[in-house]
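First the structure, in the form of structure tokens, and then the observations on it.
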Amino acid sequence: MQIPSDLIVILGTGGTIAGTAKTASDGVGYTAAQLSVADLLAAVPALAGRRLEAQQVAQLDSKDMDFLTWQRLAGAVQQQLARPEVGGIVITHGTDTLEETAYFLHRVLAPAKPVVLTAAMRPATALAPDGPQNLFDAVQVAGTPGAAGVVVALAGRVHDAAQVRKTHSYRVDAFESVDGALVARVEEGAVRLLGRWPAGEGLGLARISRPAERWPRVEIVMNHAGAGGTVVQALRAAGVDGLIAAGTGNGTLSVALESALREAQAGGVKVWRSTRCDAGPVMDLPGLLPGAGALSPVKARIEMILTLLGE
Ligand code: ASP
């Protein structure tokens with residue numbers, strides 16, 4: 001007998017979606033990560049007819065996301081996806097580092113079933129919280145036949161993990177697919193496919209099995225008017241393994257910053273060039289430090305950590 005694969009597993013990690021404030025009118029002075037994932041589900045009666053399971057993997061403000069939580073989360077996602085009855089996963093997360101977790105899971109797992117991250121910009125106690133709708137939408141995406149890969153569902157839009165960035169500090173539609181098409185929209189519970197579900201090959205859990213406290217240390221340094229080499233020198237002295245330069249424009253760097261980065265590279269530190277621009281790739285030209293393609297500085301950092309973990 002064929003087992004129906006219509007079970008959606010909701011993994012909770014905290015964030016504003018699980019946040020509470022003292023008053024309903026307070027949309028910023030709240031504490032993130034207070035409600036359990038079971039509480040979040042109880043606030044969405046429209047999900048009552050779905051086959052759902054909830055698991056609390058972490059309970060944190062995602063500004064404090066860390067390697068150990070990523071390791072645990074990737075393990076939990078993989079374990080749930082391996083169950084034949086599971087059709088998809090929803091992860092509730094804070095918005096601050098959501099794009100990092102999404103990219104990390106995409107590169108490590110590249111799952112054949114949908115893994116949908118969702119979040120909220122307003123706490124659960126707000127006058128008009130956005131979390132319940134986002135959670136409802138994310139479950140619809142996770143249950144969509146043919147859906148696959150790691151995506152982010154928020155404010156009625158579905159973004160792929162590689163492109164998505166938080167581009168606004170306050171608005172409820174705080175995320176954009178900055179350099180390409182949306183994957184889909186969610187309208188009244190219906191998922192309208194606009195692009196393609198993300199595909200690719202995951203690096204696998206073995207790549208991230210090293211104890212989290214021994215993961216490579218990769219830092220981001222930014223070019224700006226008057227940028228010098230002092231920060232790079234200090235990071236080298238602190239034993240950094242890799243550096244992502246968030247350059248200006250096409251990853252351009254001041255003479256002083258570039259020279260410090262080249263010295264770091266000659267001393268065995270891995271160095272990649274990205275851009276501090278809100279969108280677009282850096283072009284590789286002969287003689288330049290290696291480029292990070294279209295990855296934002298924070299995603300280039302994850303890519304470098306995963307690369308170094310494999311060396
Ligand atoms: N600081 C919160 C978090 O990332 C912000 C949010 O979720 O909107 O957990």
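Residues are referred to by chain and number: the chain letter is A, B, ... according to the order shown in the structure tokens, the number counts from 1 in that chain, and ligands are numbered separately from 1 in the order shown.
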
Neighbours of Ala153 (chain A) within 12 Å (only C-alpha atoms; same-chain residues fewer than 5 positions away dropped), as a PyMOL selection string? chain A and resi 90-93+95+98-99+102+114-120+130-131+133-142+158-161+164+173-177+182-187+191

Using only C-alpha atoms and all ligand atoms, which residues of the polymer chains come no farther than 7 Å from ligand 1? I'd like the answer as number ranges by chain. A: 14-17, 32-33, 60-63, 93-97, 119-122

Could you take the residues named above and write them with C-alpha atoms, as a PDB file, in the first residue's frame?
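Result saved to result16.pdb:
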ATOM      1  CA  GLY A  14      12.109  31.279  17.482  1.00  0.00           C
ATOM      2  CA  GLY A  15      12.145  34.774  15.963  1.00  0.00           C
ATOM      3  CA  THR A  16       9.609  37.589  15.994  1.00  0.00           C
ATOM      4  CA  ILE A  17       6.928  35.229  14.687  1.00  0.00           C
ATOM      5  CA  ALA A  32      11.529  37.473  20.156  1.00  0.00           C
ATOM      6  CA  ALA A  33      11.296  33.686  20.622  1.00  0.00           C
ATOM      7  CA  LEU A  60      16.246  32.113  19.733  1.00  0.00           C
ATOM      8  CA  ASP A  61      16.277  35.584  18.269  1.00  0.00           C
ATOM      9  CA  SER A  62      17.853  34.920  14.899  1.00  0.00           C
ATOM     10  CA  LYS A  63      20.322  37.780  15.342  1.00  0.00           C
ATOM     11  CA  HIS A  93      12.597  31.586  11.980  1.00  0.00           C
ATOM     12  CA  GLY A  94      13.547  35.159  12.798  1.00  0.00           C
ATOM     13  CA  THR A  95      13.855  37.507   9.852  1.00  0.00           C
ATOM     14  CA  ASP A  96      17.313  38.861  10.714  1.00  0.00           C
ATOM     15  CA  THR A  97      19.400  35.909   9.531  1.00  0.00           C
ATOM     16  CA  ALA A 119       8.877  34.428   9.664  1.00  0.00           C
ATOM     17  CA  ALA A 120       7.109  37.602  10.742  1.00  0.00           C
ATOM     18  CA  MET A 121       8.024  41.236  11.068  1.00  0.00           C
ATOM     19  CA  ARG A 122       5.479  41.843  13.834  1.00  0.00           C
TER      20      ARG A 122
END

Can you tell me, as number ranges by chain, which residues in region 3-167 of chain A count as strand (DSSP E) by DSSP? A: 7-14, 52-60, 86-92, 114-118, 149-154, 157-160, 164-166

Export N, CA and C atoms of the chosen residues as a compact mmCIF listing (two decimals), in the first residue's frame?
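Heads up, here's the output in part-v5.txt:
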# COMPACT_ATOMS: atom_id res chain seq x y z
N LEU A 7 2.03 14.69 5.10
CA LEU A 7 2.35 15.24 6.43
C LEU A 7 3.34 16.39 6.27
N ILE A 8 3.01 17.52 6.89
CA ILE A 8 3.92 18.67 6.90
C ILE A 8 4.47 18.80 8.32
N VAL A 9 5.79 18.86 8.43
CA VAL A 9 6.41 19.01 9.76
C VAL A 9 6.86 20.47 9.93
N ILE A 10 6.45 21.07 11.05
CA ILE A 10 6.81 22.46 11.33
C ILE A 10 7.93 22.45 12.37
N LEU A 11 9.07 22.98 12.00
CA LEU A 11 10.21 23.05 12.92
C LEU A 11 10.32 24.49 13.43
N GLY A 12 10.27 24.67 14.73
CA GLY A 12 10.33 26.02 15.30
C GLY A 12 11.74 26.37 15.73
N THR A 13 12.14 27.61 15.44
CA THR A 13 13.47 28.06 15.89
C THR A 13 13.41 29.38 16.64
N GLY A 14 12.22 30.00 16.76
CA GLY A 14 12.11 31.28 17.48
C GLY A 14 11.78 32.43 16.55
N LEU A 52 -0.39 17.78 10.38
CA LEU A 52 0.79 18.55 10.78
C LEU A 52 1.44 17.92 12.00
N GLU A 53 2.75 18.07 12.09
CA GLU A 53 3.48 17.73 13.31
C GLU A 53 4.39 18.90 13.63
N ALA A 54 4.60 19.16 14.92
CA ALA A 54 5.45 20.29 15.29
C ALA A 54 6.63 19.81 16.13
N GLN A 55 7.77 20.43 15.91
CA GLN A 55 8.97 20.11 16.70
C GLN A 55 9.74 21.39 16.97
N GLN A 56 10.09 21.61 18.22
CA GLN A 56 10.86 22.81 18.59
C GLN A 56 12.34 22.47 18.50
N VAL A 57 13.03 23.01 17.52
CA VAL A 57 14.46 22.69 17.34
C VAL A 57 15.33 23.68 18.13
N ALA A 58 14.87 24.93 18.22
CA ALA A 58 15.62 25.97 18.93
C ALA A 58 14.61 27.02 19.36
N GLN A 59 15.05 27.96 20.19
CA GLN A 59 14.17 29.07 20.58
C GLN A 59 15.05 30.30 20.76
N LEU A 60 15.34 30.96 19.63
CA LEU A 60 16.25 32.11 19.73
C LEU A 60 15.83 33.25 18.81
N VAL A 86 6.29 12.26 5.05
CA VAL A 86 6.49 13.71 5.09
C VAL A 86 6.56 14.26 3.67
N GLY A 87 5.67 15.22 3.39
CA GLY A 87 5.65 15.83 2.07
C GLY A 87 6.48 17.09 2.01
N GLY A 88 6.65 17.75 3.14
CA GLY A 88 7.41 19.00 3.16
C GLY A 88 7.63 19.47 4.58
N ILE A 89 8.53 20.45 4.71
CA ILE A 89 8.89 20.99 6.02
C ILE A 89 8.65 22.49 6.00
N VAL A 90 8.17 23.02 7.12
CA VAL A 90 8.12 24.48 7.31
C VAL A 90 9.03 24.80 8.50
N ILE A 91 9.85 25.82 8.36
CA ILE A 91 10.71 26.25 9.48
C ILE A 91 10.30 27.66 9.87
N THR A 92 9.90 27.86 11.13
CA THR A 92 9.63 29.23 11.59
C THR A 92 10.94 29.78 12.15
N PRO A 114 10.01 20.09 -0.56
CA PRO A 114 10.09 21.50 -0.19
C PRO A 114 10.43 21.74 1.29
N VAL A 115 11.35 22.66 1.52
CA VAL A 115 11.68 23.13 2.87
C VAL A 115 11.42 24.64 2.84
N VAL A 116 10.40 25.08 3.56
CA VAL A 116 9.90 26.44 3.44
C VAL A 116 10.16 27.21 4.72
N LEU A 117 11.02 28.22 4.65
CA LEU A 117 11.24 29.05 5.83
C LEU A 117 10.23 30.18 5.83
N THR A 118 9.69 30.46 7.02
CA THR A 118 8.80 31.61 7.14
C THR A 118 9.09 32.34 8.44
N GLY A 149 13.07 21.95 -2.88
CA GLY A 149 14.15 22.88 -2.56
C GLY A 149 13.83 23.81 -1.40
N VAL A 150 14.84 24.60 -1.03
CA VAL A 150 14.69 25.52 0.09
C VAL A 150 14.18 26.86 -0.43
N VAL A 151 13.02 27.28 0.08
CA VAL A 151 12.44 28.57 -0.31
C VAL A 151 12.02 29.33 0.94
N VAL A 152 11.75 30.61 0.73
CA VAL A 152 11.29 31.49 1.81
C VAL A 152 9.92 32.01 1.42
N ALA A 153 8.91 31.79 2.28
CA ALA A 153 7.55 32.28 2.00
C ALA A 153 7.21 33.36 3.01
N LEU A 154 6.96 34.56 2.52
CA LEU A 154 6.67 35.68 3.42
C LEU A 154 5.92 36.75 2.64
N ARG A 157 4.78 36.06 -0.95
CA ARG A 157 5.74 35.80 -2.02
C ARG A 157 6.68 34.67 -1.63
N VAL A 158 7.13 33.92 -2.63
CA VAL A 158 8.02 32.79 -2.38
C VAL A 158 9.33 33.05 -3.12
N HIS A 159 10.42 33.09 -2.34
CA HIS A 159 11.75 33.43 -2.86
C HIS A 159 12.65 32.21 -2.80
N ASP A 160 13.63 32.14 -3.73
CA ASP A 160 14.58 31.03 -3.57
C ASP A 160 15.72 31.46 -2.67
N VAL A 164 17.27 35.41 -2.09
CA VAL A 164 16.47 36.20 -1.15
C VAL A 164 17.36 37.03 -0.21
N ARG A 165 16.92 38.27 0.02
CA ARG A 165 17.60 39.13 1.00
C ARG A 165 16.56 39.92 1.76
N LYS A 166 16.84 40.16 3.03
CA LYS A 166 16.01 41.10 3.80
C LYS A 166 16.44 42.50 3.37

Given the choices A:Gly228, A:Pro123, A:Pro281, A:Gly247, which gets closest to Ser259 (chain A) if the distance is worked out from only C-alpha atoms? A:Gly228

Please report, as a short mmCIF file (atom, residue, chain, number, x, y, z; two decimals) with N, CA, C and O atoms, in the first residue's frame, each residue of region 77-297 of chain A to which DSSP assigns alpha helix (DSSP H) when run on this structure's backbone.
data_model
loop_
_atom_site.label_atom_id
_atom_site.label_comp_id
_atom_site.auth_asym_id
_atom_site.auth_seq_id
_atom_site.Cartn_x
_atom_site.Cartn_y
_atom_site.Cartn_z
N VAL A 77 16.02 18.56 9.79
CA VAL A 77 15.36 18.63 8.47
C VAL A 77 15.59 17.32 7.71
O VAL A 77 14.65 16.71 7.19
N GLN A 78 16.85 16.90 7.69
CA GLN A 78 17.19 15.66 6.96
C GLN A 78 16.42 14.46 7.51
O GLN A 78 15.89 13.65 6.76
N GLN A 79 16.35 14.39 8.84
CA GLN A 79 15.66 13.26 9.48
C GLN A 79 14.18 13.24 9.11
O GLN A 79 13.61 12.19 8.80
N GLN A 80 13.55 14.41 9.12
CA GLN A 80 12.12 14.48 8.78
C GLN A 80 11.89 14.19 7.30
O GLN A 80 10.93 13.50 6.94
N LEU A 81 12.77 14.71 6.45
CA LEU A 81 12.58 14.50 5.00
C LEU A 81 12.70 13.02 4.63
O LEU A 81 12.12 12.58 3.63
N LEU A 98 17.45 35.02 8.42
CA LEU A 98 16.68 34.00 7.69
C LEU A 98 17.34 33.64 6.35
O LEU A 98 17.43 32.48 5.97
N GLU A 99 17.85 34.67 5.64
CA GLU A 99 18.45 34.39 4.33
C GLU A 99 19.72 33.55 4.47
O GLU A 99 20.08 32.80 3.57
N GLU A 100 20.40 33.68 5.61
CA GLU A 100 21.62 32.89 5.83
C GLU A 100 21.26 31.42 6.09
O GLU A 100 21.85 30.51 5.51
N THR A 101 20.29 31.21 6.97
CA THR A 101 19.87 29.82 7.26
C THR A 101 19.33 29.16 5.99
O THR A 101 19.61 27.99 5.71
N ALA A 102 18.55 29.92 5.21
CA ALA A 102 17.99 29.36 3.97
C ALA A 102 19.13 28.95 3.03
O ALA A 102 19.12 27.84 2.48
N TYR A 103 20.12 29.81 2.86
CA TYR A 103 21.23 29.49 1.95
C TYR A 103 22.03 28.29 2.47
O TYR A 103 22.42 27.39 1.71
N PHE A 104 22.26 28.29 3.77
CA PHE A 104 23.01 27.19 4.40
C PHE A 104 22.30 25.84 4.13
O PHE A 104 22.93 24.87 3.67
N LEU A 105 20.99 25.79 4.39
CA LEU A 105 20.24 24.53 4.19
C LEU A 105 20.21 24.15 2.71
O LEU A 105 20.30 22.97 2.36
N HIS A 106 20.10 25.16 1.85
CA HIS A 106 20.11 24.91 0.41
C HIS A 106 21.42 24.24 -0.01
O HIS A 106 21.43 23.24 -0.72
N ARG A 107 22.53 24.77 0.45
CA ARG A 107 23.83 24.25 0.02
C ARG A 107 24.13 22.89 0.65
O ARG A 107 24.77 22.05 0.04
N VAL A 108 23.67 22.68 1.88
CA VAL A 108 23.99 21.42 2.55
C VAL A 108 23.03 20.31 2.11
O VAL A 108 23.45 19.18 1.88
N LEU A 109 21.75 20.63 1.95
CA LEU A 109 20.76 19.57 1.72
C LEU A 109 20.18 19.55 0.31
O LEU A 109 19.82 18.47 -0.18
N GLY A 131 2.44 36.94 11.28
CA GLY A 131 2.89 35.55 11.41
C GLY A 131 1.86 34.51 11.02
O GLY A 131 2.17 33.58 10.27
N PRO A 132 0.61 34.59 11.52
CA PRO A 132 -0.36 33.53 11.19
C PRO A 132 -0.58 33.36 9.68
O PRO A 132 -0.63 32.23 9.18
N GLN A 133 -0.70 34.48 8.96
CA GLN A 133 -0.88 34.37 7.50
C GLN A 133 0.36 33.76 6.85
O GLN A 133 0.26 32.90 5.96
N ASN A 134 1.54 34.21 7.29
CA ASN A 134 2.77 33.67 6.71
C ASN A 134 2.90 32.17 6.97
O ASN A 134 3.33 31.41 6.10
N LEU A 135 2.52 31.75 8.18
CA LEU A 135 2.60 30.32 8.52
C LEU A 135 1.60 29.52 7.67
O LEU A 135 1.93 28.46 7.13
N PHE A 136 0.40 30.06 7.54
CA PHE A 136 -0.61 29.41 6.71
C PHE A 136 -0.08 29.26 5.27
O PHE A 136 -0.14 28.18 4.67
N ASP A 137 0.46 30.36 4.73
CA ASP A 137 0.97 30.34 3.36
C ASP A 137 2.12 29.33 3.21
O ASP A 137 2.20 28.59 2.22
N ALA A 138 3.01 29.32 4.21
CA ALA A 138 4.17 28.42 4.13
C ALA A 138 3.72 26.96 4.09
O ALA A 138 4.30 26.14 3.36
N VAL A 139 2.67 26.63 4.86
CA VAL A 139 2.16 25.25 4.83
C VAL A 139 1.59 24.93 3.45
O VAL A 139 1.77 23.82 2.92
N GLN A 140 0.91 25.91 2.84
CA GLN A 140 0.38 25.66 1.48
C GLN A 140 1.52 25.38 0.52
O GLN A 140 1.45 24.48 -0.32
N VAL A 141 2.61 26.15 0.64
CA VAL A 141 3.77 25.95 -0.26
C VAL A 141 4.38 24.57 -0.01
O VAL A 141 4.67 23.83 -0.96
N ALA A 142 4.55 24.22 1.28
CA ALA A 142 5.17 22.93 1.60
C ALA A 142 4.32 21.75 1.13
O ALA A 142 4.83 20.66 0.89
N THR A 230 43.75 48.15 8.61
CA THR A 230 43.90 47.81 10.04
C THR A 230 42.98 46.66 10.47
O THR A 230 43.40 45.79 11.24
N VAL A 231 41.74 46.68 10.00
CA VAL A 231 40.79 45.64 10.42
C VAL A 231 41.30 44.27 9.94
O VAL A 231 41.26 43.28 10.69
N VAL A 232 41.79 44.23 8.71
CA VAL A 232 42.30 42.95 8.16
C VAL A 232 43.48 42.48 9.00
O VAL A 232 43.57 41.30 9.37
N GLN A 233 44.37 43.41 9.33
CA GLN A 233 45.54 43.01 10.13
C GLN A 233 45.12 42.48 11.51
O GLN A 233 45.65 41.48 11.99
N ALA A 234 44.13 43.14 12.10
CA ALA A 234 43.66 42.70 13.42
C ALA A 234 43.02 41.31 13.34
O ALA A 234 43.24 40.46 14.21
N LEU A 235 42.26 41.08 12.27
CA LEU A 235 41.62 39.77 12.11
C LEU A 235 42.65 38.68 11.86
O LEU A 235 42.52 37.55 12.34
N ARG A 236 43.69 39.01 11.11
CA ARG A 236 44.76 38.03 10.90
C ARG A 236 45.42 37.68 12.22
O ARG A 236 45.68 36.52 12.52
N ALA A 237 45.67 38.72 13.02
CA ALA A 237 46.30 38.49 14.33
C ALA A 237 45.41 37.62 15.21
O ALA A 237 45.89 36.86 16.05
N VAL A 255 43.10 51.03 -2.24
CA VAL A 255 44.47 50.52 -2.40
C VAL A 255 44.95 49.90 -1.08
O VAL A 255 45.50 48.80 -1.04
N ALA A 256 44.67 50.59 0.03
CA ALA A 256 45.16 50.10 1.33
C ALA A 256 44.46 48.80 1.74
O ALA A 256 45.10 47.86 2.23
N LEU A 257 43.14 48.71 1.52
CA LEU A 257 42.42 47.49 1.90
C LEU A 257 42.84 46.32 1.02
O LEU A 257 43.09 45.21 1.51
N GLU A 258 42.97 46.60 -0.29
CA GLU A 258 43.37 45.51 -1.19
C GLU A 258 44.76 44.99 -0.82
O GLU A 258 45.01 43.79 -0.82
N SER A 259 45.65 45.92 -0.52
CA SER A 259 47.01 45.46 -0.20
C SER A 259 47.01 44.61 1.07
O SER A 259 47.67 43.57 1.13
N ALA A 260 46.21 44.98 2.08
CA ALA A 260 46.14 44.16 3.31
C ALA A 260 45.52 42.80 3.01
O ALA A 260 45.94 41.77 3.55
N LEU A 261 44.52 42.79 2.12
CA LEU A 261 43.87 41.51 1.77
C LEU A 261 44.84 40.60 1.02
O LEU A 261 44.87 39.38 1.22
N ARG A 262 45.63 41.20 0.13
CA ARG A 262 46.61 40.38 -0.62
C ARG A 262 47.68 39.82 0.32
O ARG A 262 48.12 38.69 0.16
N GLU A 263 48.07 40.62 1.28
CA GLU A 263 49.04 40.11 2.27
C GLU A 263 48.43 38.95 3.05
O GLU A 263 49.09 37.95 3.33
N ALA A 264 47.15 39.10 3.41
CA ALA A 264 46.46 38.03 4.15
C ALA A 264 46.42 36.77 3.29
O ALA A 264 46.70 35.65 3.77
N GLN A 265 46.10 36.95 2.01
CA GLN A 265 46.02 35.80 1.09
C GLN A 265 47.39 35.11 0.99
O GLN A 265 47.47 33.89 1.07
N ALA A 266 48.43 35.93 0.86
CA ALA A 266 49.79 35.36 0.77
C ALA A 266 50.15 34.62 2.07
O ALA A 266 50.93 33.66 2.06
N PRO A 297 27.54 39.34 0.59
CA PRO A 297 28.65 39.04 1.51
C PRO A 297 28.31 37.97 2.55
O PRO A 297 29.12 37.08 2.82
#

Spatial neighbours of Val28 (chain A), 12 Å, only C-alpha atoms, chain gap at least 6 places, as a list in words: Thr16, Gly19, Thr20, Ala21, Lys22, Met121, Arg122, Pro123, Ala124, Thr125, Ala126, Ser169, Tyr170 and Arg171 of chain A

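The space between CA of Ala292 (chain A) and CA of Glu219 (chain A) spans 14.2 Å.
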
So what do you get for CA of Val282 (chain A) versus CA of Asn250 (chain A), distance-wise? 4.8 Å

Expressed in Å to a single decimal, how great is the separation between CA of Ala18 (chain A) and CA of Ile302 (chain A)? 25.7 Å

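Proximity to region 205-212 of chain A at 10 Å, evaluated using only C-alpha atoms and with sequence-adjacent residues fewer than 5 positions away removed, yields Asp66, Phe67, Leu68, Thr69, Trp70, Gln71, Ala74, Gly75, Gln78, Leu105, Val108, Leu109, Ile305, Leu306, Thr307, Leu308, Leu309, Gly310 and Glu311 of chain A.
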
With distances taken over only C-alpha atoms, which residue among A:Glu85, A:Leu73, A:Gly49, A:Ser36 lies nearest Ser5 (chain A)? A:Glu85

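Distances from A:Ala82, A:Asp284, A:Gly242, A:Ala24 to Ala112 (chain A) were compared using only C-alpha atoms, and the smallest one belongs to A:Ala82.
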